[in-house]
Structures are given as structure tokens and as C-alpha cells.
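Source file: upload08.cif. Holds: mmCIF, C-alpha atoms and all ligand atoms.
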```cif
data_model
loop_
_atom_site.label_atom_id
_atom_site.label_comp_id
_atom_site.auth_asym_id
_atom_site.auth_seq_id
_atom_site.Cartn_x
_atom_site.Cartn_y
_atom_site.Cartn_z
CA MET A 25 -18.25 111.73 4.94
CA THR A 26 -20.87 112.88 2.42
CA ASP A 27 -24.24 111.16 2.10
CA ALA A 28 -23.16 109.83 -1.31
CA GLU A 29 -20.12 108.18 0.28
CA ARG A 30 -22.24 106.88 3.12
CA LEU A 31 -24.68 105.40 0.57
CA ALA A 32 -21.89 103.67 -1.36
CA GLU A 33 -20.42 102.23 1.83
CA LEU A 34 -23.78 100.99 3.05
CA ARG A 35 -24.58 99.32 -0.28
CA ASP A 36 -21.22 97.53 -0.28
CA LEU A 37 -21.82 96.35 3.26
CA ILE A 38 -25.31 95.08 2.43
CA ARG A 39 -24.04 93.30 -0.70
CA HIS A 40 -21.36 91.67 1.40
CA HIS A 41 -23.95 90.37 3.89
CA GLU A 42 -26.37 89.29 1.12
CA HIS A 43 -23.53 87.25 -0.36
CA ARG A 44 -22.69 85.70 3.03
CA TYR A 45 -26.34 84.84 3.65
CA TYR A 46 -27.69 83.83 0.25
CA ALA A 47 -24.68 82.57 -1.69
CA LEU A 48 -22.52 81.12 1.10
CA ALA A 49 -25.26 80.30 3.65
CA ALA A 50 -22.84 81.65 6.28
CA PRO A 51 -24.21 84.91 7.71
CA THR A 52 -22.10 86.89 10.16
CA ILE A 53 -24.83 89.25 11.38
CA SER A 54 -28.38 88.62 12.63
CA ASP A 55 -31.47 89.08 10.45
CA ALA A 56 -32.44 92.08 12.61
CA GLU A 57 -29.05 93.72 12.06
CA PHE A 58 -29.38 93.13 8.33
CA ASP A 59 -32.88 94.64 8.31
CA GLY A 60 -31.45 97.62 10.21
CA LEU A 61 -28.85 98.20 7.46
CA MET A 62 -31.54 97.97 4.77
CA ALA A 63 -33.74 100.44 6.68
CA ARG A 64 -30.83 102.90 6.91
CA LEU A 65 -30.18 102.56 3.19
CA ARG A 66 -33.86 103.13 2.34
CA GLU A 67 -33.91 106.20 4.54
CA LEU A 68 -30.78 107.67 2.91
CA GLU A 69 -32.12 106.93 -0.58
CA ALA A 70 -35.45 108.55 0.28
CA ARG A 71 -33.49 111.71 1.10
CA HIS A 72 -31.48 111.47 -2.15
CA PRO A 73 -33.67 109.94 -4.87
CA GLU A 74 -31.14 111.19 -7.43
CA LEU A 75 -28.58 108.76 -5.99
CA VAL A 76 -30.72 105.63 -6.36
CA THR A 77 -29.16 103.26 -8.91
CA ALA A 78 -30.63 100.09 -10.45
CA ASP A 79 -28.03 97.92 -8.74
CA SER A 80 -28.85 99.16 -5.24
CA PRO A 81 -29.99 96.34 -2.91
CA THR A 82 -33.28 98.23 -2.43
CA GLN A 83 -34.07 97.97 -6.16
CA ARG A 84 -34.57 94.22 -6.53
CA VAL A 85 -38.27 94.52 -7.28
CA GLY A 86 -39.04 96.83 -10.17
CA GLY A 87 -42.15 98.97 -10.13
CA ARG A 88 -44.28 97.54 -12.86
CA PRO A 89 -44.94 93.98 -13.97
CA ALA A 90 -43.64 93.03 -17.40
CA GLU A 91 -46.05 92.53 -20.28
CA GLY A 92 -45.18 88.96 -21.21
CA PHE A 93 -41.59 88.01 -21.88
CA ALA A 94 -39.47 88.90 -24.88
CA THR A 95 -37.64 86.07 -26.64
CA VAL A 96 -33.85 86.29 -26.71
CA GLU A 97 -31.34 84.23 -28.69
CA HIS A 98 -28.50 82.72 -26.64
CA LEU A 99 -24.93 83.70 -27.53
CA VAL A 100 -24.01 80.04 -27.49
CA PRO A 101 -26.77 77.39 -27.45
CA MET A 102 -27.62 75.97 -24.02
CA LEU A 103 -27.07 72.26 -24.50
CA SER A 104 -28.46 69.39 -22.49
CA LEU A 105 -26.50 66.54 -20.88
CA ASP A 106 -26.08 62.90 -21.79
CA ASN A 107 -26.63 60.42 -18.95
CA ALA A 108 -24.70 57.59 -17.30
CA TYR A 109 -26.80 55.31 -15.12
CA SER A 110 -24.15 53.12 -13.50
CA ASP A 111 -20.48 53.08 -12.53
CA ASP A 112 -19.76 51.12 -15.70
CA GLU A 113 -21.53 53.71 -17.84
CA LEU A 114 -19.39 56.38 -16.17
CA ARG A 115 -16.28 54.37 -17.08
CA ALA A 116 -17.62 54.00 -20.63
CA PHE A 117 -18.02 57.80 -20.80
CA HIS A 118 -14.38 58.13 -19.77
CA GLU A 119 -13.28 55.56 -22.37
CA ARG A 120 -15.08 57.61 -25.06
CA VAL A 121 -13.32 60.75 -23.88
CA ILE A 122 -9.93 59.01 -24.13
CA ARG A 123 -10.79 57.52 -27.54
CA VAL A 124 -11.82 60.88 -29.06
CA LEU A 125 -8.71 62.57 -27.66
CA ALA A 126 -6.48 59.77 -28.98
CA SER A 127 -7.94 59.95 -32.50
CA ASP A 128 -7.32 63.69 -32.46
CA GLY A 129 -3.64 63.60 -31.40
CA ALA A 130 -1.83 62.40 -28.33
CA PRO A 131 -4.25 61.30 -25.59
CA PRO A 132 -3.45 62.80 -22.19
CA PRO A 133 -2.08 60.23 -19.72
CA GLU A 134 -4.91 60.98 -17.29
CA VAL A 135 -8.02 63.17 -17.51
CA ALA A 136 -9.10 65.33 -14.57
CA TYR A 137 -12.81 65.86 -14.07
CA VAL A 138 -14.90 68.12 -11.92
CA ALA A 139 -17.86 66.41 -10.24
CA GLU A 140 -20.64 68.57 -8.83
CA LEU A 141 -24.23 68.27 -7.70
CA LYS A 142 -26.92 68.41 -10.38
CA ILE A 143 -29.39 71.01 -9.15
CA ASP A 144 -33.02 70.23 -9.93
CA GLY A 145 -34.39 73.57 -11.07
CA LEU A 146 -34.52 75.50 -14.31
CA SER A 147 -31.50 76.80 -16.15
CA ILE A 148 -30.83 80.46 -16.57
CA ALA A 149 -28.20 82.58 -18.35
CA LEU A 150 -27.17 85.76 -16.54
CA THR A 151 -25.34 88.60 -18.29
CA TYR A 152 -23.26 91.17 -16.42
CA GLU A 153 -21.96 94.33 -18.06
CA ASP A 154 -19.34 96.34 -16.22
CA GLY A 155 -20.21 94.26 -13.18
CA ALA A 156 -23.95 95.01 -13.23
CA LEU A 157 -26.62 92.39 -13.87
CA VAL A 158 -28.31 93.44 -17.11
CA ARG A 159 -30.13 90.32 -18.23
CA GLY A 160 -31.51 86.95 -17.17
CA VAL A 161 -32.78 84.55 -19.82
CA THR A 162 -34.32 81.08 -19.39
CA ARG A 163 -32.99 78.12 -21.36
CA GLY A 164 -36.14 77.89 -23.51
CA ASP A 165 -35.49 75.46 -26.36
CA GLY A 166 -31.72 75.88 -25.90
CA VAL A 167 -31.41 78.34 -28.81
CA ARG A 168 -33.88 80.97 -27.63
CA GLY A 169 -35.13 81.67 -24.15
CA GLU A 170 -37.36 84.14 -22.39
CA ASP A 171 -36.09 87.39 -20.95
CA VAL A 172 -36.90 87.09 -17.24
CA THR A 173 -34.55 89.83 -16.04
CA GLY A 174 -37.13 91.42 -13.74
CA ASN A 175 -37.74 88.12 -11.98
CA ALA A 176 -34.05 87.17 -11.81
CA ARG A 177 -33.32 90.49 -10.09
CA THR A 178 -35.59 89.52 -7.19
CA ILE A 179 -33.52 86.38 -6.39
CA ARG A 180 -31.29 87.42 -3.55
CA ALA A 181 -28.61 84.81 -4.24
CA ILE A 182 -28.04 86.51 -7.62
CA PRO A 183 -25.87 89.59 -7.10
CA LEU A 184 -27.03 92.74 -8.85
CA ARG A 185 -23.38 93.82 -8.85
CA LEU A 186 -20.20 91.72 -9.02
CA ALA A 187 -16.90 92.23 -7.21
CA ARG A 188 -14.82 95.18 -8.38
CA ASP A 189 -12.49 93.37 -10.79
CA ALA A 190 -15.36 91.94 -12.89
CA PRO A 191 -14.72 91.80 -16.65
CA GLY A 192 -16.55 94.22 -18.99
CA ARG A 193 -18.94 91.56 -20.15
CA LEU A 194 -19.64 88.22 -18.53
CA GLU A 195 -22.28 85.58 -19.07
CA VAL A 196 -22.74 82.90 -16.44
CA ARG A 197 -25.17 80.01 -16.51
CA GLY A 198 -26.74 78.18 -13.68
CA GLU A 199 -29.88 76.89 -12.10
CA VAL A 200 -32.71 78.69 -10.34
CA TYR A 201 -34.25 76.46 -7.70
CA LEU A 202 -36.69 76.56 -4.82
CA PRO A 203 -35.18 75.48 -1.49
CA ARG A 204 -37.17 72.69 0.20
CA ALA A 205 -38.25 74.93 3.10
CA ALA A 206 -39.62 77.55 0.68
CA PHE A 207 -41.37 74.79 -1.29
CA ASP A 208 -43.10 73.50 1.86
CA ARG A 209 -44.13 77.03 2.78
CA ALA A 210 -45.50 77.71 -0.73
CA ASN A 211 -47.56 74.53 -0.68
CA GLN A 212 -48.90 75.27 2.80
CA GLU A 213 -50.04 78.67 1.54
CA ARG A 214 -51.64 77.08 -1.51
CA GLU A 215 -53.42 74.52 0.62
CA ASP A 216 -54.74 77.29 2.90
CA ALA A 217 -55.98 79.18 -0.17
CA GLU A 218 -57.53 75.95 -1.55
CA GLU A 219 -55.26 76.13 -4.60
CA PRO A 220 -53.69 73.02 -6.19
CA ALA A 221 -50.29 72.15 -4.69
CA PHE A 222 -47.04 72.27 -6.67
CA ALA A 223 -45.91 68.73 -7.59
CA ASN A 224 -42.26 69.35 -6.70
CA PRO A 225 -39.78 72.20 -6.12
CA ARG A 226 -38.71 72.24 -9.76
CA ASN A 227 -42.26 72.79 -11.00
CA ALA A 228 -42.76 75.44 -8.36
CA ALA A 229 -39.54 77.21 -9.40
CA ALA A 230 -40.42 77.04 -13.11
CA GLY A 231 -43.98 78.25 -12.49
CA THR A 232 -42.74 81.09 -10.31
CA MET A 233 -40.17 82.28 -12.89
CA ARG A 234 -42.98 82.44 -15.44
CA SER A 235 -44.96 84.83 -13.25
CA LEU A 236 -45.36 88.33 -14.63
CA ASP A 237 -45.37 89.85 -11.16
CA PRO A 238 -41.82 90.31 -9.81
CA ALA A 239 -43.20 91.09 -6.34
CA ALA A 240 -44.82 87.63 -6.23
CA VAL A 241 -41.54 86.09 -7.40
CA ALA A 242 -39.61 87.98 -4.72
CA SER A 243 -41.80 86.57 -1.95
CA ARG A 244 -41.51 82.94 -3.09
CA GLY A 245 -37.90 82.60 -1.87
CA LEU A 246 -36.20 81.27 -5.02
CA SER A 247 -32.45 80.77 -4.97
CA ALA A 248 -29.75 80.02 -7.54
CA PHE A 249 -26.39 78.39 -8.20
CA VAL A 250 -24.12 79.08 -11.18
CA TYR A 251 -21.96 76.40 -12.85
CA GLN A 252 -20.71 77.77 -16.15
CA MET A 253 -18.87 80.83 -17.47
CA VAL A 254 -19.43 81.73 -21.12
CA SER A 255 -17.47 84.98 -21.17
CA GLU A 256 -15.40 85.85 -24.19
CA GLY A 257 -12.88 88.11 -22.50
CA GLU A 258 -11.84 86.02 -19.55
CA ARG A 259 -10.76 82.45 -19.99
CA PRO A 260 -9.62 80.39 -17.03
CA ALA A 261 -7.64 77.23 -17.88
CA GLY A 262 -10.37 74.92 -16.68
CA HIS A 263 -13.65 74.45 -14.90
CA ALA A 264 -12.25 74.28 -11.36
CA ALA A 265 -10.57 77.66 -11.92
CA ALA A 266 -13.81 79.04 -13.42
CA MET A 267 -15.80 77.88 -10.38
CA GLU A 268 -13.32 79.64 -8.07
CA ARG A 269 -13.38 82.77 -10.19
CA MET A 270 -17.20 82.91 -10.18
CA ARG A 271 -17.20 82.43 -6.42
CA ASP A 272 -14.65 85.25 -6.01
CA LEU A 273 -16.81 87.52 -8.17
CA GLY A 274 -19.55 87.07 -5.58
CA LEU A 275 -21.64 84.58 -7.55
CA PRO A 276 -23.38 81.68 -5.80
CA VAL A 277 -21.38 78.51 -6.49
CA GLU A 278 -22.52 75.27 -4.83
CA PRO A 279 -19.47 74.52 -2.65
CA ASN A 280 -19.48 70.70 -2.73
CA TRP A 281 -17.86 70.32 -6.15
CA ARG A 282 -14.63 68.38 -6.33
CA ARG A 283 -11.77 68.12 -8.84
CA CYS A 284 -11.19 64.41 -9.45
CA GLU A 285 -7.99 63.00 -10.94
CA GLY A 286 -9.27 60.15 -13.09
CA ILE A 287 -12.62 58.41 -13.42
CA GLU A 288 -12.31 56.23 -10.30
CA ALA A 289 -12.25 59.38 -8.14
CA VAL A 290 -15.44 60.45 -9.94
CA VAL A 291 -17.07 57.06 -9.20
CA ALA A 292 -16.15 57.54 -5.53
CA TYR A 293 -17.69 61.04 -5.49
CA CYS A 294 -20.92 59.73 -7.02
CA ARG A 295 -21.08 56.94 -4.39
CA GLU A 296 -20.47 59.41 -1.59
CA TRP A 297 -23.18 61.78 -2.82
CA GLY A 298 -25.73 59.07 -3.65
CA ASP A 299 -27.02 59.33 -0.08
CA ARG A 300 -25.63 62.66 1.07
CA ARG A 301 -27.50 64.59 -1.62
CA HIS A 302 -30.82 63.80 0.09
CA ALA A 303 -29.73 65.73 3.18
CA MET A 304 -29.33 69.04 1.29
CA GLY A 305 -31.80 71.90 1.63
CA PHE A 306 -32.57 71.67 -2.10
CA ASP A 307 -33.40 68.94 -4.60
CA THR A 308 -30.64 67.40 -6.69
CA ASP A 309 -31.13 64.86 -9.44
CA GLY A 310 -27.65 63.42 -9.58
CA VAL A 311 -24.09 64.48 -10.21
CA VAL A 312 -22.70 66.29 -13.25
CA VAL A 313 -19.25 65.12 -14.38
CA LYS A 314 -17.24 67.52 -16.55
CA VAL A 315 -13.78 67.40 -18.11
CA ASP A 316 -11.83 70.08 -16.23
CA ASP A 317 -9.38 71.30 -18.90
CA PHE A 318 -10.99 73.72 -21.39
CA ALA A 319 -8.43 72.92 -24.11
CA LEU A 320 -9.43 69.24 -23.90
CA ARG A 321 -13.11 70.24 -23.95
CA GLU A 322 -12.56 72.08 -27.21
CA ARG A 323 -10.97 68.98 -28.76
CA LEU A 324 -13.91 66.86 -27.57
CA GLY A 325 -16.60 69.17 -28.96
CA ALA A 326 -20.30 68.44 -28.90
CA THR A 327 -23.01 66.53 -30.74
CA THR A 328 -26.12 68.54 -31.73
CA LYS A 329 -27.59 67.86 -28.29
CA PHE A 330 -24.80 67.19 -25.81
CA PRO A 331 -21.23 68.18 -25.12
CA ARG A 332 -18.89 65.17 -25.31
CA TRP A 333 -17.00 66.47 -22.29
CA ALA A 334 -19.77 66.06 -19.72
CA THR A 335 -22.33 63.59 -18.51
CA ALA A 336 -24.99 63.42 -15.82
CA PHE A 337 -24.86 60.52 -13.38
S1 LIG A 401 -23.70 71.86 -16.81
C1 LIG A 401 -23.56 71.87 -21.54
N1 LIG A 401 -23.99 71.62 -14.24
O1 LIG A 401 -29.03 69.99 -16.03
C2 LIG A 401 -24.26 71.45 -20.32
N2 LIG A 401 -25.95 71.53 -15.60
O2 LIG A 401 -29.69 67.88 -17.96
C3 LIG A 401 -24.10 72.46 -19.27
N3 LIG A 401 -28.01 71.29 -14.34
O3 LIG A 401 -29.71 72.06 -18.74
C4 LIG A 401 -24.84 72.08 -18.07
N4 LIG A 401 -27.10 71.27 -12.32
O4 LIG A 401 -30.05 73.04 -16.41
C5 LIG A 401 -24.62 71.64 -15.43
N5 LIG A 401 -24.09 71.46 -11.92
C6 LIG A 401 -24.71 71.49 -13.11
C7 LIG A 401 -26.11 71.38 -13.22
C8 LIG A 401 -26.69 71.40 -14.50
C9 LIG A 401 -28.24 71.22 -13.01
C10 LIG A 401 -29.06 71.22 -15.38
C11 LIG A 401 -28.91 72.24 -16.47
C12 LIG A 401 -28.93 71.46 -17.75
C13 LIG A 401 -29.51 70.16 -17.34
C14 LIG A 401 -29.04 69.06 -18.25
#
```
Could you render the structure as C-alpha cells?
Amino acid sequence: MTDAERLAELRDLIRHHEHRYYALAAPTISDAEFDGLMARLRELEARHPELVTADSPTQRVGGRPAEGFATVEHLVPMLSLDNAYSDDELRAFHERVIRVLASDGAPPPEVAYVAELKIDGLSIALTYEDGALVRGVTRGDGVRGEDVTGNARTIRAIPLRLARDAPGRLEVRGEVYLPRAAFDRANQEREDAEEPAFANPRNAAAGTMRSLDPAAVASRGLSAFVYQMVSEGERPAGHAAAMERMRDLGLPVEPNWRRCEGIEAVVAYCREWGDRRHAMGFDTDGVVVKVDDFALRERLGATTKFPRWATAF
């Protein structure tokens, strides 16, 4: 085996274990074993600087801090979500869905939804080209965001490279968040340094992503989940299929989502997670309910602010 082959094999192995650890929270090797793999990779790359690529696991932190952030226009605006505050408001959301679909043709006999946790962080759009992460942009005002690629690259839950059958171009959207343990650690450090504490994990995550020093971002311990595919090339039939596809590409998908046949199954999910969500290692601020079928979503459309096919409970 040549060193180049050894390098490629080692990178694949490390990516596999990063995914198990950061995206699935299910590591199969110890931290020391993982560090050993990284040390071997660094050593090999030091011997062959010409073989170091930007998507190598050793290259998460770029050399120099960015000079401010460039503004980037989103391909498709990043909308916000309407809210439902009670079971009855959830049912009213469903009635509206049925009404719009009925006025537009034959209403479906039943509508399937996907219910998932609403992650309390800041939204981000990630672009992959030929499987490599090329850009991370914040939501900003929904139309334009800030290019925070250098910071996004330091988040270990975000793969620098997708699985082999990735499409040529793929945009996924999701949430960057600070796990509770990392939040507590950050505030302890700030207290020790006599700096003002972060009010909550979301503020800490947002403040960290605005930092111009990727090395500082890397050490904060941010994480991420993705919940939307905006690719043009690939089009799964619905959201459940898109969630599975993103997971199979190696992207971090929060695993507790559920496909619900009808609104009463959604109400049950929201009840179940009303308490359970507090036991997670990250902050959630509710449940997001989305029409599963993309063809129905298209018929439902959006207002200037919200899609008509989703609501936040
Ligand atoms: S879907 C078109 N799913 O909540 C709307 N959003 O209040 C697409 N959020 O800006 C958003 N968890 O930053 C969606 N599982 C989830 C989410 C989620 C958190 C955030 C997102 C959005 C905000 C809307």
C-alpha cells in the first residue's frame, strides 16, 4: 500500500468515527483510539504536505482568521415558522392545510406529517459541491446571510465530506447549537475570567458563530443538526425520505423525528415530547410539524413570512 492509499484509508476511517461520535452520538472506539488515528494522519500528512486536502479531518481550523464576514444571498429565502400554542391550534393548522388543498383540487383523504424537535440555536445553510463542504451561511434576514464557512468547518458534527454517492451540488439547512454541557463549561470559564456569562445556549452559539477566530470557535464545542434539503438535482418524494437521505449522506439528523399519519398522531407526539425534550443534552423550544409530501407542500405554498405546510408547536 502506498502512503497516498494509506492516507485515503485513514481519512475515511476517521470520518466514519467522527460521524459515529458527533452525528450519531454512538462511538465504537475510545477517545484515545480516535486521538491515535488523528495522530497517525497528522504524521503521514507532515511527510506528504502535497497530499493534504481541504476536506481532510486535520484541516477543520484554517490558518488565518477571516476579516469580517461577506454577505451572501440565499438560493431560496430562509423562511420563519408560524406557531400553534395548543392542541386545538394544531388541529386548526391541519384544517387550514385541508382547506387550501381542497380549494386547489381534490383534498387528500389524510395528510401525513413529520414531527421533529425544534432545536434552539441559529439556522445555517450548508452547501456541498461534489461531496465537499464549500460554504456555510447564517440565516441573516432570511434573504441574505453571513458567510461563516471557516467557523462551520470547525463544527465536528458537520462533515467536511459526504458519503460517496453525494449529488454534484447539495444545500442543506439546519441549526447550529451549543450542547448543554459545553454551555456550562463555557460559562464556568467566563466566570473564572470574570467575564459576563452567556444568558443561554442559543446566545452562546450565536455569539460564537460571530467570532472571527475559527480556533476559538473550534474549542467552544458547537454542534449541529440538519432538517431541510434544498438541492435542485435530487428530489425525494417527501420529508421523511429526505431526512433518511441526509442521514445516509453522513449528515447529522436528530433521530427522534416521527412520521405521523394524521394530526392526532402529531398531537400525541407533541404531548410525549412536552416533558421528554427537557431530558435532552441540548435546548429545544418545541416541536416542528411539517407536511411530509413535497407535492402537497408545493400546492400549499407560502406567505411572505411562513410556509403554509409547517408550524411550530
Ligand atoms: S424547519 C421553512 N425544523 O426554527 C421553515 N426549523 O422559528 C424551515 N428550527 O428559522 C424551518 N429546529 O432556525 C425547522 N427541526 C426544525 C427546526 C427549525 C429549529 C428553527 C429554524 C427556523 C426557526 C423558525
Check: Which chains and residue numbers are within 8 Å of ligand LIG 401 (chain A), counting all atoms listed in the file, if I want them as a list in words?
Finding: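 Those residues are Met102, Leu103, Ser104, Leu105, Asp106, Glu140, Leu141, Lys142, Ile143, Asp144, Gly145, Leu146, Ser147, Ile148, Arg163, Gly198, Glu199, Val250, Tyr251, Gln252, Thr308, Asp309, Val311, Val312, Lys314, Phe330, Pro331, Ala334 and Ala336 of chain A.
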Notebook entry, point to check: Within 7 Å of Thr162 in chain A, counting only C-alpha atoms, which residues qualify if same-chain residues fewer than 5 places away don't, as a list of chain:residue names?
Noted result: A:Ser147, A:Ile148, A:Ala149, A:Gly169, A:Glu170, A:Asp171, A:Val172
Which polymer residues have any atom within 9 Å of an atom of range 56-63 of chain A, counting all atoms listed in the file, with same-chain residues fewer than 3 positions away left out, as a PDB file with C-alpha atoms, in the coordinates of the input?
```pdb
ATOM      1  CA  LEU A  34     -23.780 100.990   3.050  1.00  0.00           C
ATOM      2  CA  ARG A  35     -24.580  99.320  -0.280  1.00  0.00           C
ATOM      3  CA  LEU A  37     -21.820  96.350   3.260  1.00  0.00           C
ATOM      4  CA  ILE A  38     -25.310  95.080   2.430  1.00  0.00           C
ATOM      5  CA  HIS A  41     -23.950  90.370   3.890  1.00  0.00           C
ATOM      6  CA  GLU A  42     -26.370  89.290   1.120  1.00  0.00           C
ATOM      7  CA  ILE A  53     -24.830  89.250  11.380  1.00  0.00           C
ATOM      8  CA  ARG A  66     -33.860 103.130   2.340  1.00  0.00           C
ATOM      9  CA  GLU A  67     -33.910 106.200   4.540  1.00  0.00           C
ATOM     10  CA  LEU A  68     -30.780 107.670   2.910  1.00  0.00           C
ATOM     11  CA  PRO A  81     -29.990  96.340  -2.910  1.00  0.00           C
ATOM     12  CA  THR A  82     -33.280  98.230  -2.430  1.00  0.00           C
TER      13      THR A  82
END
```
Item checked: For Trp297 in chain A, the nearest of the candidates A:Ala221, A:Ala190, A:Ala229, A:Ala139, counting all atoms listed in the file ->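 Checking each of A:Ala221, A:Ala190, A:Ala229, A:Ala139 against Trp297 in chain A, counting all atoms listed in the file, the winner is A:Ala139.
CA of Pro191 in chain A sits 20.2 Å away from CA of Ala47 in chain A.
Each of A:Arg244, A:His118, A:Lys329, A:Arg323 was checked against Pro225 in chain A using all atoms listed in the file; the smallest atom-to-atom distance is that of A:Arg244.
Comparing A:Val315, A:Leu186, A:Leu99, A:Ala223 by their smallest distance to Asp36 in chain A, the closest is A:Leu186 (using only C-alpha atoms).
Distances to Leu202 in chain A were evaluated for A:Gly92, A:Gly245, A:Gly274, A:Pro220 using all atoms listed in the file, and the minimum falls at A:Gly245.
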Could you please fill out range 240-254 of chain A with N, CA, C and O atoms and send it back as a PDB file, keeping the file's coordinate frame?
```pdb
ATOM      1  N   ALA A 240     -44.417  88.988  -6.619  1.00  0.00           N
ATOM      2  CA  ALA A 240     -44.820  87.630  -6.230  1.00  0.00           C
ATOM      3  C   ALA A 240     -43.606  86.701  -6.284  1.00  0.00           C
ATOM      4  O   ALA A 240     -43.434  85.824  -5.441  1.00  0.00           O
ATOM      5  N   VAL A 241     -42.749  86.915  -7.274  1.00  0.00           N
ATOM      6  CA  VAL A 241     -41.540  86.090  -7.400  1.00  0.00           C
ATOM      7  C   VAL A 241     -40.630  86.330  -6.200  1.00  0.00           C
ATOM      8  O   VAL A 241     -40.093  85.400  -5.604  1.00  0.00           O
ATOM      9  N   ALA A 242     -40.494  87.619  -5.834  1.00  0.00           N
ATOM     10  CA  ALA A 242     -39.610  87.980  -4.720  1.00  0.00           C
ATOM     11  C   ALA A 242     -40.045  87.273  -3.432  1.00  0.00           C
ATOM     12  O   ALA A 242     -39.207  86.835  -2.640  1.00  0.00           O
ATOM     13  N   SER A 243     -41.334  87.128  -3.225  1.00  0.00           N
ATOM     14  CA  SER A 243     -41.800  86.570  -1.950  1.00  0.00           C
ATOM     15  C   SER A 243     -41.743  85.042  -1.922  1.00  0.00           C
ATOM     16  O   SER A 243     -41.887  84.443  -0.866  1.00  0.00           O
ATOM     17  N   ARG A 244     -41.506  84.406  -3.059  1.00  0.00           N
ATOM     18  CA  ARG A 244     -41.510  82.940  -3.090  1.00  0.00           C
ATOM     19  C   ARG A 244     -40.248  82.348  -2.461  1.00  0.00           C
ATOM     20  O   ARG A 244     -40.240  81.226  -1.987  1.00  0.00           O
ATOM     21  N   GLY A 245     -39.123  83.108  -2.487  1.00  0.00           N
ATOM     22  CA  GLY A 245     -37.900  82.600  -1.870  1.00  0.00           C
ATOM     23  C   GLY A 245     -37.050  81.725  -2.774  1.00  0.00           C
ATOM     24  O   GLY A 245     -36.381  80.796  -2.310  1.00  0.00           O
ATOM     25  N   LEU A 246     -37.048  82.013  -4.077  1.00  0.00           N
ATOM     26  CA  LEU A 246     -36.200  81.270  -5.020  1.00  0.00           C
ATOM     27  C   LEU A 246     -34.723  81.509  -4.696  1.00  0.00           C
ATOM     28  O   LEU A 246     -34.365  82.527  -4.109  1.00  0.00           O
ATOM     29  N   SER A 247     -33.877  80.580  -5.111  1.00  0.00           N
ATOM     30  CA  SER A 247     -32.450  80.770  -4.970  1.00  0.00           C
ATOM     31  C   SER A 247     -31.763  80.321  -6.262  1.00  0.00           C
ATOM     32  O   SER A 247     -32.444  79.938  -7.219  1.00  0.00           O
ATOM     33  N   ALA A 248     -30.450  80.358  -6.294  1.00  0.00           N
ATOM     34  CA  ALA A 248     -29.750  80.020  -7.540  1.00  0.00           C
ATOM     35  C   ALA A 248     -28.319  79.574  -7.266  1.00  0.00           C
ATOM     36  O   ALA A 248     -27.722  79.954  -6.257  1.00  0.00           O
ATOM     37  N   PHE A 249     -27.813  78.731  -8.175  1.00  0.00           N
ATOM     38  CA  PHE A 249     -26.390  78.390  -8.200  1.00  0.00           C
ATOM     39  C   PHE A 249     -25.908  78.566  -9.638  1.00  0.00           C
ATOM     40  O   PHE A 249     -26.656  78.270 -10.574  1.00  0.00           O
ATOM     41  N   VAL A 250     -24.667  79.001  -9.820  1.00  0.00           N
ATOM     42  CA  VAL A 250     -24.120  79.080 -11.180  1.00  0.00           C
ATOM     43  C   VAL A 250     -23.057  77.994 -11.361  1.00  0.00           C
ATOM     44  O   VAL A 250     -22.393  77.607 -10.402  1.00  0.00           O
ATOM     45  N   TYR A 251     -22.911  77.491 -12.596  1.00  0.00           N
ATOM     46  CA  TYR A 251     -21.960  76.400 -12.850  1.00  0.00           C
ATOM     47  C   TYR A 251     -21.269  76.511 -14.203  1.00  0.00           C
ATOM     48  O   TYR A 251     -20.680  75.554 -14.678  1.00  0.00           O
ATOM     49  N   GLN A 252     -21.362  77.642 -14.840  1.00  0.00           N
ATOM     50  CA  GLN A 252     -20.710  77.770 -16.150  1.00  0.00           C
ATOM     51  C   GLN A 252     -20.412  79.231 -16.451  1.00  0.00           C
ATOM     52  O   GLN A 252     -21.228  80.099 -16.156  1.00  0.00           O
ATOM     53  N   MET A 253     -19.243  79.486 -17.040  1.00  0.00           N
ATOM     54  CA  MET A 253     -18.870  80.830 -17.470  1.00  0.00           C
ATOM     55  C   MET A 253     -18.779  80.804 -18.978  1.00  0.00           C
ATOM     56  O   MET A 253     -18.100  79.957 -19.531  1.00  0.00           O
ATOM     57  N   VAL A 254     -19.471  81.720 -19.661  1.00  0.00           N
ATOM     58  CA  VAL A 254     -19.430  81.730 -21.120  1.00  0.00           C
ATOM     59  C   VAL A 254     -18.834  83.040 -21.629  1.00  0.00           C
ATOM     60  O   VAL A 254     -19.143  83.474 -22.716  1.00  0.00           O
TER      61      VAL A 254
END
```
